[in-house]
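Note sheet for the following structure.
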Amino acid sequence: MTDKPTFLSAPSPVFPSDPHWVPSTDLAFQRWAVKLEYDGTGMVGWQKQSVGTSVQGLLEAAATRMANGRRVSSITAGRTDAGVHALGQVAHLDFPADMNLAPHIVRDGLSYHLKPNPVAVLQAALVTEKWSARFSATWRSYLYRIMNRPSPPALGATTMWHVRARLNLDRMRAGADRLVGTHDFTSFRAAACQARNPVRTLDSLTVERVGDEIHIRALARAFLHHQVRNMVGTLVLIGRDRWEPERITQALEARSRSAGGPTAPPVGLYLTGVGYNPDPFA
């Protein structure tokens, strides 16, 4: 007896999540939005690479197995770097139109074929062919976790940054306040960032202590490459009294990566959510 689920023969109806969705016999595919959780430790990030394990490669391989070998492609809301994690990453997959799918079949089928990799599908929803995980997104949110105590974490060493010195939250918050709003974030993006426009609107950037951890949360419609990690690295300098909060403004005005603080390691970063209107998972 096997616990392998059956994907194509289950007599389940299709449940459209978009109220404007109309079935079309002309389409060669059906588009499904999926919400993912993953531990990025040891992976090369979201995007498929010539060498190494990627989240995209694992997801598309799982979907292709569900489609009996027919290739299924994906688009994501945002590419995460090597070692970065996700609690609410969103992607869309184009399955063949003739597959008999429902939300629970897509969710459970993909999660089954993703094992034993640390990637799971939390939700699935049918969307229109014009819906895009990337271009339909209205906001993205991140969490950065710092273990702030003398002793390193015995558990979760690959899921948070260990900073021994006690960090001053009031100073970090004063620095974070200077980053909120619309700015040219050239000083806080990777030198290799390919975005044409360095101007972004940071809706919120909060700093709080949770036990021995410090949680830094960021919310914006879109972020530049390494923007969150560069902001975190800078805030840690401020929390250690090595920078004054006012230097944030000077760094923004300089519009040079060399004027910003260091890049925090990827281990503490999580993509926590992606927003849509309407929300296909609601």
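Numbering starts fresh at 1 for the residues of each chain in the structure tokens, the chains themselves are lettered A, B, ... in the order given, and ligands are numbered from 1 as they appear.
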
Could you write out, as number ranges by chain, all the residues of stretch 50-123 of chain A that DSSP marks as helix (DSSP H, G or I)? A: 55-66, 103-114

**Asked** Got a sec: who's within 9 Å of A:Val163, counting only C-alpha atoms, leaving out chain neighbours fewer than 2 positions off, as an NGL selection string?
**Response** :A and (146-150 or 152 or 161 or 165-167 or 236)

Based on the selection just made, write C-alpha atoms of those residues as a PDB file, in the first residue's frame.
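Listed below is the output, out.pdb:
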```
ATOM      1  CA  ILE A 146      19.057  38.848  14.906  1.00  0.00           C
ATOM      2  CA  MET A 147      20.042  36.718  17.900  1.00  0.00           C
ATOM      3  CA  ASN A 148      21.345  39.427  20.251  1.00  0.00           C
ATOM      4  CA  ARG A 149      23.106  37.796  23.204  1.00  0.00           C
ATOM      5  CA  PRO A 150      26.655  36.688  24.060  1.00  0.00           C
ATOM      6  CA  PRO A 152      25.335  31.825  19.849  1.00  0.00           C
ATOM      7  CA  TRP A 161      22.326  36.443  12.487  1.00  0.00           C
ATOM      8  CA  ALA A 165      27.104  43.043  21.561  1.00  0.00           C
ATOM      9  CA  ARG A 166      23.920  44.426  23.105  1.00  0.00           C
ATOM     10  CA  LEU A 167      22.179  46.584  20.495  1.00  0.00           C
ATOM     11  CA  VAL A 236      23.340  47.277  13.467  1.00  0.00           C
TER      12      VAL A 236
END
```

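Going from atom CA of A:Met160 over to atom CA of A:Gln227, you cover 17.5 Å.
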
message = Could you go through stretch 104-270 of chain A and tell me which residues DSSP, when run on the backbone, assigns to strand (DSSP E), listing them as an MDAnalysis selection string?
response = chainID A and resid 119:127 139:147 161:162 181:184 199:210 213:220 269:270

With the cut-off set at 6 Å and counting only C-alpha atoms, tabulate each residue of stretch 118-236 of chain A with an atom at most that distance from an atom of stretch 25-39 of chain A, showing the nearest atom pair and its distance in Å to one decimal, ordered by chain and increasing number, as a Markdown table.
```
| residue | atom | partner | partner_atom | distance |
| --- | --- | --- | --- | --- |
| A:Pro118 | CA | A:Tyr38 | CA | 5.6 |
| A:Val119 | CA | A:Tyr38 | CA | 4.3 |
| A:Ala120 | CA | A:Glu37 | CA | 5.3 |
| A:Val121 | CA | A:Leu36 | CA | 4.6 |
| A:Leu122 | CA | A:Lys35 | CA | 5.5 |
| A:Gln123 | CA | A:Lys35 | CA | 5.2 |
| A:Ala124 | CA | A:Val34 | CA | 4.4 |
| A:Ala125 | CA | A:Ala33 | CA | 5.2 |
| A:Leu126 | CA | A:Trp32 | CA | 4.5 |
| A:Val127 | CA | A:Arg31 | CA | 5.7 |
| A:Glu129 | CA | A:Arg31 | CA | 5.9 |
```

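Atom CA of A:Ser50 sits 22.1 Å away from atom CA of A:His92.
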
Would you pick out the contacts of A:Trp139 at 8 Å or less, using only C-alpha atoms, so that residues sharing its chain but fewer than 2 positions from it are not included, and give the list as a PyMOL selection string? chain A and resi 137+141+219-222+274-276

From atom CA of A:Pro278 to atom CA of A:Asn100 the spacing works out at 24.6 Å

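When only C-alpha atoms are used to measure the gap to A:Thr128, the shortest distance among A:Tyr144, A:Leu93, A:Pro116, A:Arg209 belongs to A:Leu93.
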